[in-house]
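S.K.: Just one file: protein-v6.txt, with compact mmCIF, C-alpha atoms.
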```txt
# COMPACT_ATOMS: atom_id res chain seq x y z
CA MET A 1 0.00 0.00 0.00
CA SER A 2 1.23 3.49 -0.80
CA PRO A 3 2.55 5.47 2.20
CA LEU A 4 0.15 8.18 1.02
CA ALA A 5 -2.92 6.10 1.90
CA HIS A 6 -4.84 7.93 4.64
CA HIS A 7 -2.19 10.69 4.60
CA PRO A 8 -3.56 14.19 5.32
CA PHE A 9 -3.52 17.00 2.78
CA TRP A 10 -4.67 20.60 2.43
CA LYS A 11 -6.70 21.61 -0.61
CA MET A 12 -6.02 25.32 -1.15
CA ASN A 13 -5.90 27.95 -3.82
CA GLY A 14 -3.74 30.96 -4.49
CA ALA A 15 -5.66 33.55 -6.52
CA GLY A 16 -7.68 30.65 -7.94
CA ASN A 17 -4.66 28.47 -8.77
CA GLU A 18 -5.68 25.04 -7.40
CA ILE A 19 -3.07 23.76 -4.97
CA VAL A 20 -2.70 20.63 -2.83
CA VAL A 21 -0.14 20.70 0.00
CA VAL A 22 1.23 17.44 1.43
CA ASP A 23 3.65 17.34 4.36
CA LEU A 24 6.14 14.46 4.07
CA ARG A 25 8.83 15.95 6.31
CA ALA A 26 8.49 12.95 8.62
CA SER A 27 8.70 10.44 5.78
CA ALA A 28 11.34 9.35 3.27
CA HIS A 29 8.69 8.69 0.62
CA VAL A 30 9.00 10.51 -2.70
CA VAL A 31 5.72 10.87 -4.58
CA THR A 32 5.78 9.11 -7.95
CA ALA A 33 4.36 10.56 -11.14
CA ALA A 34 1.63 7.89 -11.07
CA GLU A 35 0.67 8.79 -7.50
CA ALA A 36 0.54 12.49 -8.43
CA ARG A 37 -1.74 11.77 -11.38
CA ALA A 38 -4.01 9.65 -9.17
CA ILE A 39 -4.29 12.46 -6.62
CA ALA A 40 -5.04 15.01 -9.35
CA ALA A 41 -7.75 12.77 -10.81
CA ASP A 42 -9.76 12.74 -7.57
CA GLU A 43 -12.28 15.59 -7.27
CA ARG A 44 -11.44 16.13 -3.58
CA SER A 45 -7.75 16.61 -4.27
CA ARG A 46 -7.53 17.78 -7.86
CA PHE A 47 -4.77 20.32 -8.38
CA ASP A 48 -2.93 22.47 -10.86
CA GLN A 49 0.17 22.02 -8.71
CA MET A 50 0.87 19.80 -5.71
CA MET A 51 3.43 21.06 -3.21
CA VAL A 52 5.09 18.20 -1.31
CA LEU A 53 7.12 19.20 1.73
CA HIS A 54 10.28 17.22 2.54
CA LYS A 55 12.97 17.55 5.20
CA PRO A 56 15.19 20.62 4.70
CA ARG A 57 18.25 20.18 2.53
CA THR A 58 19.84 23.50 3.43
CA PRO A 59 20.41 24.80 6.98
CA GLY A 60 18.11 27.71 7.80
CA THR A 61 15.28 26.56 5.54
CA ARG A 62 12.00 25.10 6.80
CA CYS A 63 11.58 22.47 4.08
CA PHE A 64 12.47 21.31 0.61
CA ILE A 65 9.48 21.36 -1.76
CA ARG A 66 8.87 19.09 -4.72
CA ILE A 67 6.31 20.57 -7.10
CA TYR A 68 4.13 18.33 -9.27
CA ASN A 69 1.98 19.30 -12.25
CA THR A 70 -1.34 17.62 -13.02
CA ASP A 71 0.32 15.23 -15.49
CA GLY A 72 2.80 14.05 -12.84
CA SER A 73 5.72 16.03 -14.22
CA LEU A 74 7.89 18.13 -11.92
CA ALA A 75 7.91 21.93 -11.94
CA GLY A 76 10.76 24.15 -10.82
CA ALA A 77 8.63 26.94 -9.41
CA CYS A 78 5.07 27.74 -8.38
CA GLY A 79 4.53 31.10 -6.74
CA ASN A 80 0.90 30.59 -5.81
CA GLY A 81 1.72 27.16 -4.38
CA THR A 82 4.63 28.59 -2.40
CA ARG A 83 2.28 31.10 -0.78
CA CYS A 84 0.01 28.19 0.22
CA VAL A 85 3.00 26.38 1.73
CA ALA A 86 3.85 29.61 3.55
CA TRP A 87 0.38 29.62 5.13
CA VAL A 88 0.83 26.03 6.35
CA LEU A 89 4.24 26.83 7.86
CA ALA A 90 3.07 30.10 9.41
CA GLU A 91 0.08 28.37 11.03
CA GLU A 92 2.39 25.65 12.34
CA ASP A 93 4.37 27.88 14.68
CA GLY A 94 3.12 31.44 14.25
CA SER A 95 6.21 32.63 12.40
CA ASN A 96 5.79 35.44 9.88
CA SER A 97 8.94 35.04 7.79
CA PHE A 98 11.04 32.05 6.79
CA LEU A 99 12.93 30.37 3.95
CA VAL A 100 11.86 27.40 1.83
CA GLU A 101 13.74 25.62 -0.94
CA THR A 102 12.80 24.22 -4.36
CA VAL A 103 14.96 22.95 -7.21
CA ALA A 104 14.93 26.55 -8.47
CA GLY A 105 16.56 27.84 -5.28
CA ILE A 106 15.82 29.26 -1.83
CA LEU A 107 12.73 31.45 -1.54
CA ALA A 108 12.00 33.95 1.23
CA CYS A 109 8.37 34.06 2.38
CA ARG A 110 6.73 36.77 4.48
CA ARG A 111 3.24 37.06 5.92
CA VAL A 112 1.65 40.41 5.06
CA GLY A 113 -1.93 39.70 6.19
CA PRO A 114 -4.08 36.99 7.77
CA ALA A 115 -4.02 34.96 4.55
CA ALA A 116 -1.73 37.04 2.33
CA PHE A 117 1.96 36.38 1.71
CA SER A 118 4.88 37.76 -0.27
CA VAL A 119 7.36 35.40 -1.87
CA ASP A 120 10.77 36.38 -3.21
CA MET A 121 10.78 34.38 -6.44
CA GLY A 122 14.47 35.03 -7.07
CA GLU A 123 16.15 36.44 -10.14
CA PRO A 124 14.85 36.05 -13.70
CA LYS A 125 17.10 34.45 -16.28
CA PHE A 126 17.21 35.82 -19.80
CA GLY A 127 19.97 33.82 -21.49
CA TRP A 128 18.68 31.50 -24.19
CA GLN A 129 20.53 28.54 -22.67
CA ASP A 130 19.13 29.29 -19.20
CA ILE A 131 15.47 29.43 -20.24
CA PRO A 132 16.22 27.08 -22.13
CA LEU A 133 15.71 27.49 -25.88
CA ALA A 134 16.76 25.00 -28.54
CA GLU A 135 18.70 27.59 -30.51
CA GLU A 136 20.54 30.82 -29.81
CA PHE A 137 18.68 34.11 -29.53
CA ARG A 138 20.86 36.95 -28.34
CA ASP A 139 17.86 39.14 -27.47
CA THR A 140 15.14 37.26 -25.61
CA ARG A 141 12.92 40.32 -25.26
CA ALA A 142 11.36 39.13 -28.56
CA ILE A 143 12.25 35.90 -30.36
CA GLU A 144 11.30 34.70 -33.81
CA LEU A 145 8.30 32.49 -33.18
CA GLN A 146 4.87 32.78 -34.70
CA ILE A 147 1.76 30.80 -35.45
CA GLY A 148 -0.54 31.42 -38.37
CA PRO A 149 0.17 32.77 -41.87
CA ILE A 150 3.62 34.29 -42.37
CA ASP A 151 2.18 37.59 -43.60
CA ALA A 152 -0.54 37.76 -40.91
CA PRO A 153 0.42 35.62 -37.89
CA ILE A 154 -2.09 35.07 -35.09
CA LEU A 155 0.67 35.42 -32.49
CA HIS A 156 4.31 36.37 -32.90
CA SER A 157 7.51 37.65 -31.27
CA PRO A 158 7.08 36.48 -27.67
CA SER A 159 9.30 37.58 -24.82
CA VAL A 160 10.93 34.58 -23.12
CA VAL A 161 12.34 34.24 -19.62
CA SER A 162 12.94 31.67 -16.90
CA MET A 163 11.44 32.19 -13.46
CA GLY A 164 12.65 28.77 -12.34
CA ASN A 165 10.65 27.36 -15.25
CA PRO A 166 10.43 28.50 -18.91
CA HIS A 167 7.91 31.14 -19.95
CA ALA A 168 6.88 32.66 -23.26
CA ILE A 169 4.76 35.82 -23.19
CA PHE A 170 2.85 36.96 -26.28
CA TRP A 171 1.72 40.60 -26.27
CA VAL A 172 -1.88 41.06 -27.39
CA ASP A 173 -4.67 43.61 -26.98
CA ASP A 174 -7.15 41.16 -25.48
CA PRO A 175 -5.82 37.86 -24.08
CA TYR A 176 -9.30 36.34 -24.02
CA ALA A 177 -9.87 36.91 -27.74
CA PHE A 178 -7.82 33.79 -28.55
CA ASP A 179 -8.56 30.07 -28.25
CA LEU A 180 -5.88 29.17 -25.74
CA THR A 181 -7.10 25.56 -25.60
CA LYS A 182 -5.76 25.12 -29.15
CA ILE A 183 -2.85 27.55 -29.12
CA GLY A 184 -1.53 26.55 -25.69
CA PRO A 185 -0.62 22.89 -26.25
CA MET A 186 0.84 23.66 -29.68
CA LEU A 187 3.18 26.29 -28.27
CA GLU A 188 3.96 24.45 -25.01
CA ASN A 189 5.39 21.61 -27.07
CA HIS A 190 7.05 23.69 -29.79
CA PRO A 191 10.54 22.39 -30.68
CA ILE A 192 12.08 25.73 -29.67
CA PHE A 193 11.32 24.79 -26.04
CA PRO A 194 13.26 21.59 -25.21
CA GLU A 195 11.74 21.47 -21.71
CA ARG A 196 8.35 22.71 -22.91
CA ALA A 197 7.13 26.14 -21.76
CA ASN A 198 4.39 28.01 -19.98
CA ILE A 199 2.50 30.08 -22.54
CA SER A 200 0.98 33.44 -21.59
CA LEU A 201 -1.16 35.93 -23.47
CA ALA A 202 -0.60 39.35 -21.92
CA GLY A 203 -2.53 42.57 -22.42
CA VAL A 204 -0.93 45.73 -21.02
CA LYS A 205 -3.72 48.01 -19.83
CA SER A 206 -1.56 50.69 -18.25
CA ARG A 207 1.95 51.25 -16.91
CA ASP A 208 0.96 49.40 -13.73
CA HIS A 209 -1.64 46.87 -14.89
CA ILE A 210 -1.37 43.69 -16.97
CA VAL A 211 -4.16 41.25 -17.83
CA LEU A 212 -2.86 37.68 -18.21
CA TRP A 213 -4.20 34.34 -19.42
CA VAL A 214 -1.94 31.33 -18.99
CA TRP A 215 -1.54 27.84 -20.41
CA GLU A 216 0.65 26.04 -17.87
CA ARG A 217 3.16 23.43 -18.93
CA GLY A 218 1.94 20.00 -17.86
CA VAL A 219 -1.40 21.35 -16.63
CA GLY A 220 -3.37 23.37 -19.19
CA ILE A 221 -5.37 26.54 -18.63
CA THR A 222 -5.32 27.65 -15.00
CA ARG A 223 -7.08 30.43 -13.13
CA ALA A 224 -3.74 31.82 -11.98
CA CYS A 225 -0.02 31.20 -12.34
CA GLY A 226 2.34 33.08 -10.05
CA SER A 227 5.57 32.43 -11.94
CA ALA A 228 3.84 33.47 -15.19
CA ALA A 229 2.71 36.71 -13.54
CA CYS A 230 6.32 37.35 -12.52
CA ALA A 231 7.55 36.50 -16.02
CA ALA A 232 5.00 38.84 -17.58
CA LEU A 233 5.89 41.80 -15.35
CA VAL A 234 9.63 41.34 -15.87
CA SER A 235 9.19 41.02 -19.63
CA ALA A 236 6.85 44.02 -19.76
CA ALA A 237 9.38 46.14 -17.87
CA ARG A 238 12.25 44.87 -20.08
CA THR A 239 10.34 45.91 -23.19
CA LYS A 240 9.36 49.30 -21.68
CA ARG A 241 5.66 48.44 -21.64
CA THR A 242 5.29 48.95 -17.87
CA GLU A 243 7.14 50.11 -14.80
CA ARG A 244 8.97 47.58 -12.61
CA ALA A 245 5.90 47.01 -10.40
CA ALA A 246 2.37 46.23 -11.50
CA THR A 247 -0.85 44.46 -10.67
CA VAL A 248 -1.29 41.34 -12.80
CA SER A 249 -4.93 40.33 -13.21
CA LEU A 250 -5.68 36.66 -13.89
CA PRO A 251 -9.02 34.86 -14.08
CA GLY A 252 -8.74 33.85 -10.41
CA GLY A 253 -7.72 37.24 -9.04
CA ASP A 254 -4.93 39.81 -8.80
CA LEU A 255 -1.27 39.45 -7.88
CA PHE A 256 1.09 42.33 -7.20
CA ILE A 257 4.52 41.81 -8.75
CA GLU A 258 7.62 43.93 -8.15
CA TRP A 259 10.95 43.56 -9.93
CA ARG A 260 13.25 45.13 -7.38
CA ASP A 261 16.47 46.99 -8.08
CA ASP A 262 18.43 44.02 -6.68
CA ASN A 263 17.00 41.96 -9.59
CA HIS A 264 14.75 39.86 -7.34
CA VAL A 265 11.09 39.44 -8.24
CA VAL A 266 8.62 39.61 -5.36
CA MET A 267 5.05 38.35 -5.68
CA THR A 268 2.31 39.26 -3.20
CA GLY A 269 -1.14 37.70 -3.14
CA PRO A 270 -3.82 35.79 -1.24
CA THR A 271 -4.22 32.19 -0.11
CA GLU A 272 -7.38 30.29 0.74
CA VAL A 273 -7.93 26.94 2.45
CA GLU A 274 -10.79 25.09 0.76
CA HIS A 275 -10.73 21.95 2.90
CA GLU A 276 -8.52 19.42 4.64
CA GLY A 277 -8.73 15.71 3.94
CA ARG A 278 -6.98 12.36 3.79
CA PHE A 279 -6.12 10.40 0.67
CA ALA A 280 -8.31 7.35 0.10
CA PRO A 281 -6.23 4.14 -0.24
CA ALA A 282 -8.18 3.23 -3.39
CA LEU A 283 -6.58 6.20 -5.17
CA PHE A 284 -3.27 4.36 -5.28
CA ALA A 285 -4.50 0.88 -6.17
CA THR A 286 -3.15 1.17 -9.70
CA ALA A 287 -0.45 3.79 -9.08
CA ALA A 288 2.88 2.02 -9.34
```
Output the file's structure in the form of structure tokens.
M.R.:
Amino acid sequence: MSPLAHHPFWKMNGAGNEIVVVDLRASAHVVTAAEARAIAADERSRFDQMMVLHKPRTPGTRCFIRIYNTDGSLAGACGNGTRCVAWVLAEEDGSNSFLVETVAGILACRRVGPAAFSVDMGEPKFGWQDIPLAEEFRDTRAIELQIGPIDAPILHSPSVVSMGNPHAIFWVDDPYAFDLTKIGPMLENHPIFPERANISLAGVKSRDHIVLWVWERGVGITRACGSAACAALVSAARTKRTERAATVSLPGGDLFIEWRDDNHVVMTGPTEVEHEGRFAPALFATAA
């Protein structure tokens, strides 16, 4: 039987981004891709991302977090999920600031309200090999990539950046005027992105406001994506579309993103606990 049978979990959301948090700090078990898919398939525990807490790897941090997408693949970063983890840790001992670690690095979390947190998402990476891209582009503020007719493409010239995971941001007037269910999977799996990519349609409404719709790598359309919001703000500031701080509006709510002078990107937004539960053993009957 899977060690996850009867194990407790929190079903949460961060600005509408569906998150499940599982605390395995007292266990050596590592969730398999099959187990993650089984958890995501259950209505009680479905998620866009699952944040699994493990024992700290680095002194001074509270935990190491493995992040799973709906399809069982691993993600390097999830800002909305990290805020949910921050709520769990803050409720555990009443602390208001602490460090957590993911494969993308160490993240500083700070409570700014009863259910609101800021997360230092680290520094963006702009080098084509760091994102990564399959071929060299010296200027990643706009790369040669388009879909549709050559003389009248539907989308073209995205900005690309890594926020711990790869992002491509297409600049449009109205993000919701496109069929992201068709465009998203095509672009996520485009050969230019060897590790696939998160695809965003971004509409700049003012110097401090961006509207964003996101197709998440390994998930699909989500109501919010924190790392995509960070990627959009950074790319908008790089291309002189906005200032270095802005509200990013997603279907699930607003996030405030600031690209500080020290090159760190800080995301602030809400968390919500939907329910707590335990995994049914039957979930893992076929998960090898």
S.K.: CA of Lys55 (chain A) and CA of Pro281 (chain A), how far apart in Å?
M.R.: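 Distance reported for this atom pair: 24.0 Å.
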S.K.: Which is closest to Gly76 (chain A) among A:Arg110, A:Arg217, A:His264, A:Arg46, if we use only C-alpha atoms?
M.R.: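 Residue with the minimum atom-to-atom distance to Gly76 (chain A): A:Arg217.
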S.K.: Between region 140-162 of chain A and region 169-176 of chain A, at 9 Å or less, what are the per-residue closest atom pairs and their distances in Å? Count all atoms listed in the file, order by chain and rising residue number, and return it as JSON lines.
M.R.:
```
{"residue": "A:Leu155", "atom": "CA", "partner": "A:Phe170", "partner_atom": "CA", "distance": 6.8}
{"residue": "A:His156", "atom": "CA", "partner": "A:Phe170", "partner_atom": "CA", "distance": 6.8}
{"residue": "A:Ser157", "atom": "CA", "partner": "A:Phe170", "partner_atom": "CA", "distance": 6.9}
{"residue": "A:Pro158", "atom": "CA", "partner": "A:Phe170", "partner_atom": "CA", "distance": 4.5}
{"residue": "A:Ser159", "atom": "CA", "partner": "A:Ile169", "partner_atom": "CA", "distance": 5.1}
{"residue": "A:Val160", "atom": "CA", "partner": "A:Ile169", "partner_atom": "CA", "distance": 6.3}
{"residue": "A:Val161", "atom": "CA", "partner": "A:Ile169", "partner_atom": "CA", "distance": 8.5}
```
S.K.: Mind dumping the selected residues with C-alpha atoms as a PDB file, keeping the file's coordinate frame?
M.R.:
```pdb
ATOM      1  CA  LEU A 155       0.670  35.420 -32.490  1.00  0.00           C
ATOM      2  CA  HIS A 156       4.310  36.370 -32.900  1.00  0.00           C
ATOM      3  CA  SER A 157       7.510  37.650 -31.270  1.00  0.00           C
ATOM      4  CA  PRO A 158       7.080  36.480 -27.670  1.00  0.00           C
ATOM      5  CA  SER A 159       9.300  37.580 -24.820  1.00  0.00           C
ATOM      6  CA  VAL A 160      10.930  34.580 -23.120  1.00  0.00           C
ATOM      7  CA  VAL A 161      12.340  34.240 -19.620  1.00  0.00           C
TER       8      VAL A 161
END
```
S.K.: For Gln129 (chain A), list every protein, DNA or RNA residue within 12 Å, evaluated using all atoms listed in the file, and leave out those in the same chain fewer than 2 positions away; present the list as a ChimeraX atom specification.
M.R.: /A:125-127,131-140,160-162,166,192-195
S.K.: Could you give me, as a PDB file with C-alpha atoms, keeping the file's coordinate frame, the residues that have an atom at most 9 Å away from the point (-3.5, 14.9, -7.3) in the coordinates of the file, using all atoms listed in the file?
M.R.:
```pdb
ATOM      1  CA  VAL A  20      -2.700  20.630  -2.830  1.00  0.00           C
ATOM      2  CA  GLU A  35       0.670   8.790  -7.500  1.00  0.00           C
ATOM      3  CA  ALA A  36       0.540  12.490  -8.430  1.00  0.00           C
ATOM      4  CA  ARG A  37      -1.740  11.770 -11.380  1.00  0.00           C
ATOM      5  CA  ALA A  38      -4.010   9.650  -9.170  1.00  0.00           C
ATOM      6  CA  ILE A  39      -4.290  12.460  -6.620  1.00  0.00           C
ATOM      7  CA  ALA A  40      -5.040  15.010  -9.350  1.00  0.00           C
ATOM      8  CA  ALA A  41      -7.750  12.770 -10.810  1.00  0.00           C
ATOM      9  CA  ASP A  42      -9.760  12.740  -7.570  1.00  0.00           C
ATOM     10  CA  GLU A  43     -12.280  15.590  -7.270  1.00  0.00           C
ATOM     11  CA  ARG A  44     -11.440  16.130  -3.580  1.00  0.00           C
ATOM     12  CA  SER A  45      -7.750  16.610  -4.270  1.00  0.00           C
ATOM     13  CA  ARG A  46      -7.530  17.780  -7.860  1.00  0.00           C
ATOM     14  CA  PHE A  47      -4.770  20.320  -8.380  1.00  0.00           C
ATOM     15  CA  ASP A  48      -2.930  22.470 -10.860  1.00  0.00           C
ATOM     16  CA  GLN A  49       0.170  22.020  -8.710  1.00  0.00           C
ATOM     17  CA  MET A  50       0.870  19.800  -5.710  1.00  0.00           C
ATOM     18  CA  TYR A  68       4.130  18.330  -9.270  1.00  0.00           C
ATOM     19  CA  ASN A  69       1.980  19.300 -12.250  1.00  0.00           C
ATOM     20  CA  THR A  70      -1.340  17.620 -13.020  1.00  0.00           C
ATOM     21  CA  GLY A  72       2.800  14.050 -12.840  1.00  0.00           C
TER      22      GLY A  72
END
```
S.K.: Could you tell me how far CA of Val248 (chain A) sits from CA of Ala229 (chain A), in Å to one decimal place?
M.R.: 6.2 Å
